[in-house]
>>> print(open('target24.cif').read())   # mmCIF, C-alpha atoms (C1' of nucleotides)
data_run
#
loop_
_atom_site.group_PDB
_atom_site.id
_atom_site.type_symbol
_atom_site.label_atom_id
_atom_site.label_comp_id
_atom_site.auth_asym_id
_atom_site.auth_seq_id
_atom_site.Cartn_x
_atom_site.Cartn_y
_atom_site.Cartn_z
ATOM 1 C CA MET A 39 101.965 117.402 106.485
ATOM 2 C CA HIS A 40 99.764 120.177 105.399
ATOM 3 C CA THR A 41 98.879 121.632 108.716
ATOM 4 C CA PHE A 42 99.706 124.980 110.033
ATOM 5 C CA PHE A 43 101.404 124.056 113.267
ATOM 6 C CA SER A 44 103.622 121.032 113.584
ATOM 7 C CA ARG A 45 102.036 118.441 115.800
ATOM 8 C CA THR A 46 104.608 119.128 118.450
ATOM 9 C CA CYS A 47 103.674 122.771 118.339
ATOM 10 C CA GLN A 48 100.028 121.872 118.726
ATOM 11 C CA TYR A 49 100.831 119.908 121.844
ATOM 12 C CA ALA A 50 102.830 122.820 123.190
ATOM 13 C CA ILE A 51 99.974 125.239 122.714
ATOM 14 C CA ARG A 52 97.492 122.906 124.328
ATOM 15 C CA GLY A 53 99.817 122.309 127.238
ATOM 16 C CA LEU A 54 100.424 125.997 127.775
ATOM 17 C CA LEU A 55 96.718 126.629 127.509
ATOM 18 C CA GLU A 56 96.199 124.265 130.394
ATOM 19 C CA LEU A 57 98.794 126.084 132.456
ATOM 20 C CA SER A 58 97.216 129.417 131.719
ATOM 21 C CA ARG A 59 94.055 128.265 133.450
ATOM 22 C CA GLN A 60 95.988 127.486 136.593
ATOM 23 C CA PRO A 61 95.956 129.916 139.538
ATOM 24 C CA GLN A 62 99.012 132.078 139.182
ATOM 25 C CA GLY A 63 102.285 130.507 140.256
ATOM 26 C CA ARG A 64 100.919 127.034 140.964
ATOM 27 C CA PRO A 65 103.083 124.476 139.207
ATOM 28 C CA CYS A 66 101.466 121.660 137.236
ATOM 29 C CA THR A 67 103.078 118.329 136.484
ATOM 30 C CA ILE A 68 103.359 116.968 133.002
ATOM 31 C CA TYR A 69 101.018 114.162 133.930
ATOM 32 C CA GLN A 70 98.246 116.408 135.142
ATOM 33 C CA ILE A 71 98.389 118.345 131.909
ATOM 34 C CA CYS A 72 98.527 115.290 129.724
ATOM 35 C CA ARG A 73 95.602 113.653 131.460
ATOM 36 C CA ARG A 74 93.435 116.688 130.788
ATOM 37 C CA GLN A 75 94.546 117.334 127.228
ATOM 38 C CA ARG A 76 95.055 113.752 126.056
ATOM 39 C CA VAL A 77 98.592 114.390 124.930
ATOM 40 C CA PRO A 78 101.476 111.870 125.040
ATOM 41 C CA PRO A 79 103.477 112.620 128.216
ATOM 42 C CA ALA A 80 106.924 111.746 126.943
ATOM 43 C CA THR A 81 106.500 114.062 124.021
ATOM 44 C CA LEU A 82 105.038 116.970 125.940
ATOM 45 C CA SER A 83 107.803 116.572 128.443
ATOM 46 C CA LYS A 84 110.371 117.124 125.713
ATOM 47 C CA VAL A 85 108.670 120.226 124.403
ATOM 48 C CA PHE A 86 108.234 121.720 127.825
ATOM 49 C CA GLN A 87 111.925 121.319 128.539
ATOM 50 C CA GLN A 88 112.528 123.293 125.393
ATOM 51 C CA LEU A 89 110.050 125.966 126.374
ATOM 52 C CA ALA A 90 111.648 126.215 129.787
ATOM 53 C CA ARG A 91 115.047 126.800 128.203
ATOM 54 C CA ALA A 92 113.452 129.422 125.986
ATOM 55 C CA GLY A 93 112.258 131.232 129.080
ATOM 56 C CA LEU A 94 108.539 130.796 128.594
ATOM 57 C CA LEU A 95 108.174 128.295 131.405
ATOM 58 C CA GLY A 96 109.566 127.985 134.868
ATOM 59 C CA SER A 97 110.241 124.485 136.128
ATOM 60 C CA SER A 98 111.128 122.778 139.327
ATOM 61 C CA PRO A 99 111.817 119.126 140.030
ATOM 62 C CA GLY A 100 110.870 117.260 143.147
ATOM 63 C CA ARG A 101 107.736 117.149 145.202
ATOM 64 C CA GLN A 102 105.352 119.985 144.569
ATOM 65 C CA GLY A 103 107.364 120.632 141.470
ATOM 66 C CA GLY A 104 106.188 121.058 137.919
ATOM 67 C CA TYR A 105 105.910 123.719 135.266
ATOM 68 C CA TRP A 106 104.403 127.169 135.355
ATOM 69 C CA LEU A 107 104.049 130.159 133.080
ATOM 70 C CA ARG A 108 106.573 132.894 133.628
ATOM 71 C CA GLN A 109 104.285 135.471 132.111
ATOM 72 C CA PRO A 110 100.530 135.954 132.231
ATOM 73 C CA GLY A 111 98.717 134.166 129.416
ATOM 74 C CA ALA A 112 97.738 137.477 127.887
ATOM 75 C CA ARG A 113 101.389 138.160 127.155
ATOM 76 C CA ILE A 114 102.167 134.915 125.338
ATOM 77 C CA SER A 115 101.301 134.897 121.662
ATOM 78 C CA LEU A 116 101.012 131.963 119.340
ATOM 79 C CA GLN A 117 103.985 133.333 117.498
ATOM 80 C CA ASP A 118 106.102 133.219 120.635
ATOM 81 C CA ILE A 119 105.236 129.569 121.022
ATOM 82 C CA LYS A 120 105.734 128.687 117.396
ATOM 83 C CA PHE A 121 109.079 130.371 117.433
ATOM 84 C CA ALA A 122 110.203 128.624 120.590
ATOM 85 C CA VAL A 123 109.157 125.230 119.257
ATOM 86 C CA ASP A 124 109.886 125.295 115.540
ATOM 87 C CA GLY A 125 112.674 127.824 115.587
ATOM 88 C CA GLU A 126 113.557 130.454 113.044
ATOM 89 C CA SER A 127 112.766 128.152 110.187
ATOM 90 C CA SER A 128 109.217 129.390 110.500
ATOM 91 C CA ASN A 129 110.517 132.631 109.031
ATOM 92 C CA GLY A 130 110.843 131.210 105.550
ATOM 93 C CA CYS A 131 108.181 131.265 102.889
ATOM 94 C CA ARG A 132 105.098 129.727 104.403
ATOM 95 C CA TRP A 133 103.840 128.570 101.026
ATOM 96 C CA PHE A 134 106.632 127.371 98.832
ATOM 97 C CA PRO A 135 109.786 126.918 100.859
ATOM 98 C CA ALA A 136 110.859 124.232 98.391
ATOM 99 C CA GLY A 137 111.003 126.709 95.519
ATOM 100 C CA CYS A 138 111.397 130.116 97.025
ATOM 101 C CA SER A 139 114.371 132.181 98.039
ATOM 102 C CA PRO A 140 114.983 135.890 98.461
ATOM 103 C CA ALA A 141 116.878 135.813 95.160
ATOM 104 C CA ALA A 142 114.164 133.933 93.269
ATOM 105 C CA PRO A 143 110.849 134.362 95.050
ATOM 106 C CA CYS A 144 108.164 131.847 94.220
ATOM 107 C CA PRO A 145 105.476 132.819 91.731
ATOM 108 C CA HIS A 146 102.951 132.945 94.523
ATOM 109 C CA HIS A 147 104.689 135.358 96.771
ATOM 110 C CA ALA A 148 103.240 138.543 95.385
ATOM 111 C CA LYS A 149 99.794 137.053 94.980
ATOM 112 C CA TRP A 150 99.135 136.093 98.520
ATOM 113 C CA ARG A 151 101.150 138.666 100.317
ATOM 114 C CA SER A 152 98.055 140.101 101.897
ATOM 115 C CA LEU A 153 96.784 136.794 103.180
ATOM 116 C CA ASP A 154 100.207 136.034 104.511
ATOM 117 C CA GLU A 155 100.311 139.265 106.413
ATOM 118 C CA GLU A 156 96.973 138.552 107.929
ATOM 119 C CA ILE A 157 98.149 135.184 109.183
ATOM 120 C CA GLU A 158 101.237 136.839 110.566
ATOM 121 C CA ARG A 159 99.132 139.367 112.393
ATOM 122 C CA TYR A 160 96.929 136.633 113.705
ATOM 123 C CA LEU A 161 99.793 134.697 115.204
ATOM 124 C CA ARG A 162 101.221 137.823 116.702
ATOM 125 C CA THR A 163 98.063 139.131 118.310
ATOM 126 C CA THR A 164 96.394 135.926 119.445
ATOM 127 C CA THR A 165 97.402 135.085 123.003
ATOM 128 C CA LEU A 166 96.770 132.173 125.281
ATOM 129 C CA MET A 167 94.143 134.201 127.055
ATOM 130 C CA ASP A 168 92.240 134.718 123.843
ATOM 131 C CA LEU A 169 91.921 130.967 123.526
ATOM 132 C CA ALA A 170 91.258 130.205 127.140
ATOM 133 C CA GLY A 171 87.624 129.183 126.607
ATOM 134 C CA ALA A 172 86.911 125.459 126.853
ATOM 135 C CA PRO A 173 87.992 122.794 126.325
ATOM 136 C CA MET B 237 106.465 120.529 109.137
ATOM 137 C CA HIS B 238 104.744 123.834 109.424
ATOM 138 C CA THR B 239 104.117 124.599 105.821
ATOM 139 C CA PHE B 240 100.858 124.976 104.122
ATOM 140 C CA PHE B 241 101.252 122.610 101.216
ATOM 141 C CA SER B 242 103.067 119.325 101.534
ATOM 142 C CA ARG B 243 106.285 119.376 99.588
ATOM 143 C CA THR B 244 104.813 116.961 97.111
ATOM 144 C CA CYS B 245 101.913 119.311 96.592
ATOM 145 C CA GLN B 246 104.331 122.172 96.025
ATOM 146 C CA TYR B 247 106.019 120.184 93.295
ATOM 147 C CA ALA B 248 102.664 119.411 91.739
ATOM 148 C CA ILE B 249 101.686 123.051 91.601
ATOM 149 C CA ARG B 250 104.998 124.064 90.111
ATOM 150 C CA GLY B 251 104.803 121.312 87.541
ATOM 151 C CA LEU B 252 101.282 122.220 86.532
ATOM 152 C CA LEU B 253 102.285 125.847 86.364
ATOM 153 C CA GLU B 254 104.906 124.925 83.836
ATOM 154 C CA LEU B 255 102.341 123.049 81.761
ATOM 155 C CA SER B 256 99.972 125.974 81.856
ATOM 156 C CA ARG B 257 102.556 128.081 80.027
ATOM 157 C CA GLN B 258 102.706 125.566 77.222
ATOM 158 C CA PRO B 259 100.865 126.207 73.943
ATOM 159 C CA GLN B 260 97.529 124.416 74.211
ATOM 160 C CA GLY B 261 97.632 120.672 73.715
ATOM 161 C CA ARG B 262 101.399 120.340 73.419
ATOM 162 C CA PRO B 263 102.610 117.603 75.747
ATOM 163 C CA CYS B 264 105.632 118.169 77.961
ATOM 164 C CA THR B 265 107.844 115.432 79.317
ATOM 165 C CA ILE B 266 108.622 115.089 82.986
ATOM 166 C CA TYR B 267 112.241 115.879 82.290
ATOM 167 C CA GLN B 268 111.535 119.128 80.516
ATOM 168 C CA ILE B 269 109.426 120.280 83.420
ATOM 169 C CA CYS B 270 111.910 119.168 86.028
ATOM 170 C CA ARG B 271 114.789 120.852 84.307
ATOM 171 C CA ARG B 272 112.947 124.168 84.330
ATOM 172 C CA GLN B 273 111.551 123.950 87.827
ATOM 173 C CA ARG B 274 114.450 122.172 89.532
ATOM 174 C CA VAL B 275 112.251 119.424 90.885
ATOM 175 C CA PRO B 276 113.275 115.773 91.416
ATOM 176 C CA PRO B 277 112.020 113.861 88.355
ATOM 177 C CA ALA B 278 111.182 110.575 90.034
ATOM 178 C CA THR B 279 109.034 112.335 92.556
ATOM 179 C CA LEU B 280 107.223 114.575 90.097
ATOM 180 C CA SER B 281 106.626 111.552 87.957
ATOM 181 C CA LYS B 282 104.774 109.864 90.803
ATOM 182 C CA VAL B 283 102.610 112.897 91.492
ATOM 183 C CA PHE B 284 101.765 113.403 87.865
ATOM 184 C CA GLN B 285 100.591 109.823 87.563
ATOM 185 C CA GLN B 286 98.269 110.581 90.425
ATOM 186 C CA LEU B 287 97.038 113.773 88.824
ATOM 187 C CA ALA B 288 96.436 111.915 85.585
ATOM 188 C CA ARG B 289 94.310 109.352 87.390
ATOM 189 C CA ALA B 290 92.434 112.210 89.022
ATOM 190 C CA GLY B 291 91.634 113.577 85.605
ATOM 191 C CA LEU B 292 93.581 116.815 85.802
ATOM 192 C CA LEU B 293 96.225 115.694 83.374
ATOM 193 C CA GLY B 294 96.230 113.819 80.121
ATOM 194 C CA SER B 295 99.199 111.580 79.421
ATOM 195 C CA SER B 296 100.667 109.629 76.610
ATOM 196 C CA PRO B 297 103.725 107.371 76.509
ATOM 197 C CA GLY B 298 106.120 107.006 73.641
ATOM 198 C CA ARG B 299 107.726 109.480 71.296
ATOM 199 C CA GLN B 300 106.074 112.883 71.293
ATOM 200 C CA GLY B 301 104.396 111.773 74.485
ATOM 201 C CA GLY B 302 104.197 113.553 77.788
ATOM 202 C CA TYR B 303 101.663 115.290 79.991
ATOM 203 C CA TRP B 304 99.228 118.079 79.282
ATOM 204 C CA LEU B 305 96.486 119.940 81.076
ATOM 205 C CA ARG B 306 92.999 118.707 80.364
ATOM 206 C CA GLN B 307 91.528 122.062 81.258
ATOM 207 C CA PRO B 308 92.738 125.600 80.730
ATOM 208 C CA GLY B 309 94.859 126.914 83.601
ATOM 209 C CA ALA B 310 92.162 129.380 84.519
ATOM 210 C CA ARG B 311 89.913 126.484 85.465
ATOM 211 C CA ILE B 312 92.306 124.714 87.806
ATOM 212 C CA SER B 313 92.346 126.032 91.346
ATOM 213 C CA LEU B 314 94.897 125.402 94.055
ATOM 214 C CA GLN B 315 92.215 123.582 95.934
ATOM 215 C CA ASP B 316 91.704 121.166 93.058
ATOM 216 C CA ILE B 317 95.383 120.370 93.128
ATOM 217 C CA LYS B 318 95.631 120.076 96.869
ATOM 218 C CA PHE B 319 92.690 117.766 96.901
ATOM 219 C CA ALA B 320 94.065 115.566 94.154
ATOM 220 C CA VAL B 321 97.437 115.292 95.879
ATOM 221 C CA ASP B 322 96.728 115.201 99.594
ATOM 222 C CA GLY B 323 93.270 113.739 99.444
ATOM 223 C CA GLU B 324 90.324 114.408 101.654
ATOM 224 C CA SER B 325 92.468 114.607 104.719
ATOM 225 C CA SER B 326 92.893 118.259 103.903
ATOM 226 C CA ASN B 327 89.304 118.667 104.936
ATOM 227 C CA GLY B 328 90.030 118.323 108.621
ATOM 228 C CA CYS B 329 90.843 121.122 111.012
ATOM 229 C CA ARG B 330 93.668 123.048 109.464
ATOM 230 C CA TRP B 331 94.939 124.181 112.832
ATOM 231 C CA PHE B 332 94.632 121.511 115.431
ATOM 232 C CA PRO B 333 93.880 118.187 113.814
ATOM 233 C CA ALA B 334 95.601 116.493 116.740
ATOM 234 C CA GLY B 335 93.036 117.788 119.193
ATOM 235 C CA CYS B 336 89.947 118.633 117.259
ATOM 236 C CA SER B 337 86.889 116.699 116.249
ATOM 237 C CA PRO B 338 83.358 117.634 115.342
ATOM 238 C CA ALA B 339 82.282 116.400 118.775
ATOM 239 C CA ALA B 340 84.957 118.337 120.655
ATOM 240 C CA PRO B 341 86.180 121.221 118.530
ATOM 241 C CA CYS B 342 89.520 122.677 119.453
ATOM 242 C CA PRO B 343 89.594 125.878 121.511
ATOM 243 C CA HIS B 344 90.833 127.781 118.513
ATOM 244 C CA HIS B 345 88.120 126.894 116.110
ATOM 245 C CA ALA B 346 85.750 129.716 116.828
ATOM 246 C CA LYS B 347 88.521 132.247 117.122
ATOM 247 C CA TRP B 348 90.032 131.889 113.730
ATOM 248 C CA ARG B 349 87.020 130.874 111.776
ATOM 249 C CA SER B 350 87.202 134.030 109.722
ATOM 250 C CA LEU B 351 90.841 133.615 108.846
ATOM 251 C CA ASP B 352 90.182 130.032 107.973
ATOM 252 C CA GLU B 353 87.405 130.984 105.623
ATOM 253 C CA GLU B 354 89.647 133.446 103.908
ATOM 254 C CA ILE B 355 92.268 130.804 103.297
ATOM 255 C CA GLU B 356 89.578 128.525 101.980
ATOM 256 C CA ARG B 357 88.394 131.192 99.605
ATOM 257 C CA TYR B 358 91.925 131.838 98.504
ATOM 258 C CA LEU B 359 92.575 128.243 97.598
ATOM 259 C CA ARG B 360 89.279 128.019 95.798
ATOM 260 C CA THR B 361 89.641 131.175 93.741
ATOM 261 C CA THR B 362 93.330 131.181 92.926
ATOM 262 C CA THR B 363 93.980 129.411 89.654
ATOM 263 C CA LEU B 364 97.095 128.445 87.759
ATOM 264 C CA MET B 365 96.565 131.382 85.474
ATOM 265 C CA ASP B 366 96.623 133.785 88.390
ATOM 266 C CA LEU B 367 100.085 132.535 89.231
ATOM 267 C CA ALA B 368 101.394 132.300 85.724
ATOM 268 C CA GLY B 369 103.852 135.176 86.072
ATOM 269 C CA ALA B 370 107.538 134.234 86.302
ATOM 270 C CA PRO B 371 109.448 132.263 87.283
ATOM 271 C "C1'" DC C 278 108.602 94.924 62.221
ATOM 272 C "C1'" DG C 279 112.282 96.695 65.180
ATOM 273 C "C1'" DA C 280 114.296 100.517 67.705
ATOM 274 C "C1'" DT C 281 113.427 104.275 70.617
ATOM 275 C "C1'" DA C 282 111.205 107.386 73.820
ATOM 276 C "C1'" DA C 283 108.178 108.147 77.042
ATOM 277 C "C1'" DA C 284 104.761 107.123 80.950
ATOM 278 C "C1'" DA C 285 103.266 103.436 84.531
ATOM 279 C "C1'" DG C 286 104.061 100.857 88.351
ATOM 280 C "C1'" DG C 287 106.380 98.102 91.996
ATOM 281 C "C1'" DA C 288 109.808 97.739 95.524
ATOM 282 C "C1'" DG C 289 113.182 99.459 98.205
ATOM 283 C "C1'" DT C 290 116.130 103.339 100.528
ATOM 284 C "C1'" DT C 291 116.755 107.513 102.878
ATOM 285 C "C1'" DT C 292 115.463 111.084 105.822
ATOM 286 C "C1'" DA C 293 112.858 113.667 109.043
ATOM 287 C "C1'" DA C 294 109.276 113.875 112.430
ATOM 288 C "C1'" DT C 295 107.171 111.608 116.439
ATOM 289 C "C1'" DA C 296 107.175 108.977 120.230
ATOM 290 C "C1'" DT C 297 109.241 106.123 123.901
ATOM 291 C "C1'" DC C 298 112.578 104.426 127.252
ATOM 292 C "C1'" DT C 299 116.060 104.632 130.742
ATOM 293 C "C1'" DG C 300 118.838 106.585 133.943
ATOM 294 C "C1'" DA C 301 120.295 110.397 136.016
ATOM 295 C "C1'" DA C 302 120.010 115.000 138.970
ATOM 296 C "C1'" DA C 303 117.381 118.052 141.804
ATOM 297 C "C1'" DT C 304 114.044 119.324 145.256
ATOM 298 C "C1'" DA C 305 110.813 119.074 149.186
ATOM 299 C "C1'" DG C 306 109.308 116.932 153.116
ATOM 300 C "C1'" DA C 307 109.634 113.643 156.904
ATOM 301 C "C1'" DT D 223 119.890 112.374 156.062
ATOM 302 C "C1'" DC D 224 116.643 109.488 153.599
ATOM 303 C "C1'" DT D 225 112.824 108.880 150.372
ATOM 304 C "C1'" DA D 226 109.379 109.992 147.090
ATOM 305 C "C1'" DT D 227 108.522 112.835 143.271
ATOM 306 C "C1'" DT D 228 109.549 115.356 139.518
ATOM 307 C "C1'" DT D 229 112.278 117.479 135.811
ATOM 308 C "C1'" DC D 230 116.319 116.744 132.683
ATOM 309 C "C1'" DA D 231 119.209 114.515 129.135
ATOM 310 C "C1'" DG D 232 120.491 111.234 126.002
ATOM 311 C "C1'" DA D 233 119.641 107.236 123.344
ATOM 312 C "C1'" DT D 234 116.645 104.652 120.699
ATOM 313 C "C1'" DA D 235 112.415 102.980 118.418
ATOM 314 C "C1'" DT D 236 108.537 103.891 115.363
ATOM 315 C "C1'" DT D 237 106.229 105.996 111.706
ATOM 316 C "C1'" DA D 238 105.364 108.553 107.652
ATOM 317 C "C1'" DA D 239 107.027 111.336 103.988
ATOM 318 C "C1'" DA D 240 110.258 111.888 100.185
ATOM 319 C "C1'" DC D 241 113.024 110.073 97.045
ATOM 320 C "C1'" DT D 242 115.288 106.524 93.925
ATOM 321 C "C1'" DC D 243 115.838 102.515 91.081
ATOM 322 C "C1'" DC D 244 114.381 99.113 88.015
ATOM 323 C "C1'" DT D 245 111.157 96.753 85.113
ATOM 324 C "C1'" DT D 246 107.031 96.848 82.258
ATOM 325 C "C1'" DT D 247 103.884 98.865 79.068
ATOM 326 C "C1'" DT D 248 102.583 101.798 75.270
ATOM 327 C "C1'" DA D 249 103.051 104.817 71.479
ATOM 328 C "C1'" DT D 250 105.795 106.730 67.509
ATOM 329 C "C1'" DC D 251 109.194 106.776 63.911
ATOM 330 C "C1'" DG D 252 112.157 104.714 60.590
#
>>> encode(input="target24.cif", output="structure tokens")
Amino acid sequence: MHTFFSRTCQYAIRGLLELSRQPQGRPCTIYQICRRQRVPPATLSKVFQQLARAGLLGSSPGRQGGYWLRQPGARISLQDIKFAVDGESSNGCRWFPAGCSPAAPCPHHAKWRSLDEEIERYLRTTTLMDLAGAP
Amino acid sequence: MHTFFSRTCQYAIRGLLELSRQPQGRPCTIYQICRRQRVPPATLSKVFQQLARAGLLGSSPGRQGGYWLRQPGARISLQDIKFAVDGESSNGCRWFPAGCSPAAPCPHHAKWRSLDEEIERYLRTTTLMDLAGAP
DNA sequence: CGATAAAAGGAGTTTAATATCTGAAATAGA
DNA sequence: TCTATTTCAGATATTAAACTCCTTTTATCG
């Protein structure tokens, strides 16, 4: 599509946002999170597994189990999340991946360099805590 | 995906860019454009039909036929193109369409309003001519 | 008029992203 | 140790985007 984060990544951010509102160390189950954020459980479950492997989340099965943040929300940037979900591919040209390579950069590259850098900075500096206002 | 323009829209922009380099009024065939821009012909063909219906392109079948810009490149903005290709849907929240509505805006909305406006401005003010440098 | 070159349009195929299902394995608590 | 609860892993279904193929229509040239 034409949106900035993949839908999966959007779910991830919303899920993590929910966790960041939780008293420190208290695990949340997928279902609690999904009920509050209106996100499909099976899908969020998949992403959270991935985030756990990436080290962003701790997880524990069984009663009283669930997921929790391994770092305070202020330490987790949107870029961290995007990277963990979408992988390195997000490093390519954000505008014209279909016609842009280091050897032959797309005609746009030079033009919107500055805007690109601003987006980059935004992703890097915006943390879960910054977004923690409702809803 | 996570890219700003849909791939189809990328093709459209590259195709139009090629046309904008053409001496005024001279039609180009799909194949000429595709050869130069390394774009799949059948796909570009479909998009160009759409752009012709939208009024951005003129077209003529038969010998000496092809496509041409109906306005000078300096008058065609990226936003025009995006709109013609992806439709109104590009009007929604660029960040969290999956969890954002006028009634319940996503938590991010307020935060990146300014960045969003800058992107908007960029799309509106950047024209084909601005990008007309190689390749 | 007939041959040719091009766009126009319909229908189907492929591929990638999303979403779901099912059955395990792990943990806590009784 | 047994049971309920939860994550984990793999397979599969669903959906939408990209792409291709084939036929039809329209203009131009001889």
>>> closest_atom_pairs(input="target24.cif", of="chain A", to="chain D", cutoff="12 Å", atoms="all atoms listed in the file", output="tab-separated table")
residue	atom	partner	partner_atom	distance
A:Met39	CA	D:DA239	C1'	8.3
A:His40	CA	D:DA239	C1'	11.5
A:Pro65	CA	D:DT228	C1'	11.2
A:Cys66	CA	D:DT228	C1'	10.5
A:Thr67	CA	D:DT228	C1'	7.7
A:Ile68	CA	D:DT228	C1'	9.1
A:Tyr69	CA	D:DT228	C1'	10.3
A:Ala80	CA	D:DT229	C1'	11.8
A:Ser83	CA	D:DT229	C1'	8.7
A:Lys84	CA	D:DC230	C1'	9.2
A:Val85	CA	D:DC230	C1'	11.8
A:Phe86	CA	D:DT229	C1'	9.9
A:Gln87	CA	D:DC230	C1'	7.6
A:Gln88	CA	D:DC230	C1'	10.5
A:Ala90	CA	D:DT229	C1'	10.6
A:Arg91	CA	D:DC230	C1'	11.1
A:Gly96	CA	D:DT229	C1'	10.9
A:Ser97	CA	D:DT229	C1'	7.3
A:Ser98	CA	D:DT229	C1'	6.5
A:Pro99	CA	D:DT228	C1'	4.4
A:Gly100	CA	D:DT228	C1'	4.3
A:Arg101	CA	D:DT227	C1'	4.8
A:Gln102	CA	D:DT227	C1'	7.9
A:Gly103	CA	D:DT228	C1'	6.0
A:Gly104	CA	D:DT228	C1'	6.8
A:Tyr105	CA	D:DT229	C1'	8.9
>>> residues_around(input="target24.cif", residues="range 308-325 of chain B", least_positions_apart="6", cutoff="12 Å", atoms="all atoms listed in the file", output="short mmCIF file (atom, residue, chain, number, x, y, z; two decimals) with C-alpha atoms (C1' of nucleotides), in the coordinates of the input")
data_model
loop_
_atom_site.label_atom_id
_atom_site.label_comp_id
_atom_site.auth_asym_id
_atom_site.auth_seq_id
_atom_site.Cartn_x
_atom_site.Cartn_y
_atom_site.Cartn_z
CA MET A 39 101.96 117.40 106.48
CA HIS A 40 99.76 120.18 105.40
CA THR A 41 98.88 121.63 108.72
CA TRP A 133 103.84 128.57 101.03
CA HIS A 146 102.95 132.94 94.52
CA PHE B 240 100.86 124.98 104.12
CA PHE B 241 101.25 122.61 101.22
CA SER B 242 103.07 119.32 101.53
CA ARG B 243 106.28 119.38 99.59
CA THR B 244 104.81 116.96 97.11
CA CYS B 245 101.91 119.31 96.59
CA GLN B 246 104.33 122.17 96.02
CA TYR B 247 106.02 120.18 93.30
CA ALA B 248 102.66 119.41 91.74
CA ILE B 249 101.69 123.05 91.60
CA ARG B 250 105.00 124.06 90.11
CA GLY B 251 104.80 121.31 87.54
CA LEU B 252 101.28 122.22 86.53
CA LEU B 253 102.28 125.85 86.36
CA GLU B 254 104.91 124.92 83.84
CA LEU B 255 102.34 123.05 81.76
CA SER B 256 99.97 125.97 81.86
CA ARG B 257 102.56 128.08 80.03
CA GLN B 258 102.71 125.57 77.22
CA PRO B 259 100.86 126.21 73.94
CA GLN B 260 97.53 124.42 74.21
CA GLY B 261 97.63 120.67 73.72
CA LEU B 280 107.22 114.58 90.10
CA LYS B 282 104.77 109.86 90.80
CA VAL B 283 102.61 112.90 91.49
CA PHE B 284 101.76 113.40 87.86
CA GLN B 285 100.59 109.82 87.56
CA GLN B 286 98.27 110.58 90.42
CA LEU B 287 97.04 113.77 88.82
CA ALA B 288 96.44 111.92 85.58
CA ARG B 289 94.31 109.35 87.39
CA ALA B 290 92.43 112.21 89.02
CA GLY B 291 91.63 113.58 85.60
CA LEU B 292 93.58 116.82 85.80
CA LEU B 293 96.22 115.69 83.37
CA PRO B 333 93.88 118.19 113.81
CA ILE B 355 92.27 130.80 103.30
CA GLU B 356 89.58 128.52 101.98
CA ARG B 357 88.39 131.19 99.60
CA TYR B 358 91.92 131.84 98.50
CA LEU B 359 92.58 128.24 97.60
CA ARG B 360 89.28 128.02 95.80
CA THR B 361 89.64 131.18 93.74
CA THR B 362 93.33 131.18 92.93
CA THR B 363 93.98 129.41 89.65
CA LEU B 364 97.10 128.44 87.76
CA MET B 365 96.56 131.38 85.47
CA ASP B 366 96.62 133.78 88.39
CA LEU B 367 100.08 132.54 89.23
CA ALA B 368 101.39 132.30 85.72
"C1'" DA D 239 107.03 111.34 103.99
#
>>> interface_residues(input="target24.cif", of="chain C", to="chain B", cutoff="8 Å", atoms="all atoms listed in the file", output="MDAnalysis selection string")
chainID C and resid 281:285 294
>>> closest_residue(input="target24.cif", among="B:Arg271, B:Pro277, B:Ala346, B:Leu305", to="chain A", atoms="all atoms listed in the file")
B:Ala346
>>> axis_aligned_box(input="target24.cif", around="range 61-80 of chain A", padding_each_side="8 Å", output="lines of an AutoDock Vina configuration file")
center_x = 100.2
center_y = 121.9
center_z = 132.9
size_x = 29.5
size_y = 36.3
size_z = 32.0
>>> atom_distance(input="target24.cif", atom1="CA of Leu153 in chain A", atom2="CA of Glu354 in chain B")
7.9 Å
>>> atom_distance(input="target24.cif", atom1="CA of Gln75 in chain A", atom2="CA of Gly335 in chain B")
8.2 Å
>>> resolve_selection(input="target24.cif", expression="the PyMOL selection byres ((chain C and resi 296) around 7)", output="list of chain:residue names")
A:Thr81, C:DT295, C:DT297
>>> atom_distance(input="target24.cif", atom1="CA of Pro343 in chain B", atom2="CA of Cys329 in chain B")
11.6 Å
>>> build_atoms(input="target24.cif", residues="range 295-301 of chain B", atoms="N, CA and C atoms", output="CSV table (one decimal), keeping the file's coordinate frame")
chain,number,residue,atom,x,y,z
B,295,SER,N,97.8,112.1,79.6
B,295,SER,CA,99.2,111.6,79.4
B,295,SER,C,99.3,110.6,78.2
B,296,SER,N,100.5,110.6,77.7
B,296,SER,CA,100.7,109.6,76.6
B,296,SER,C,102.1,109.2,76.6
B,297,PRO,N,102.4,107.9,76.5
B,297,PRO,CA,103.7,107.4,76.5
B,297,PRO,C,104.3,107.5,75.1
B,298,GLY,N,105.5,107.1,75.0
B,298,GLY,CA,106.1,107.0,73.6
B,298,GLY,C,106.6,108.3,73.1
B,299,ARG,N,107.2,108.3,71.9
B,299,ARG,CA,107.7,109.5,71.3
B,299,ARG,C,106.6,110.5,71.2
B,300,GLN,N,107.0,111.8,71.3
B,300,GLN,CA,106.1,112.9,71.3
B,300,GLN,C,105.1,112.8,72.4
B,301,GLY,N,105.3,111.9,73.4
B,301,GLY,CA,104.4,111.8,74.5
B,301,GLY,C,104.7,112.8,75.6
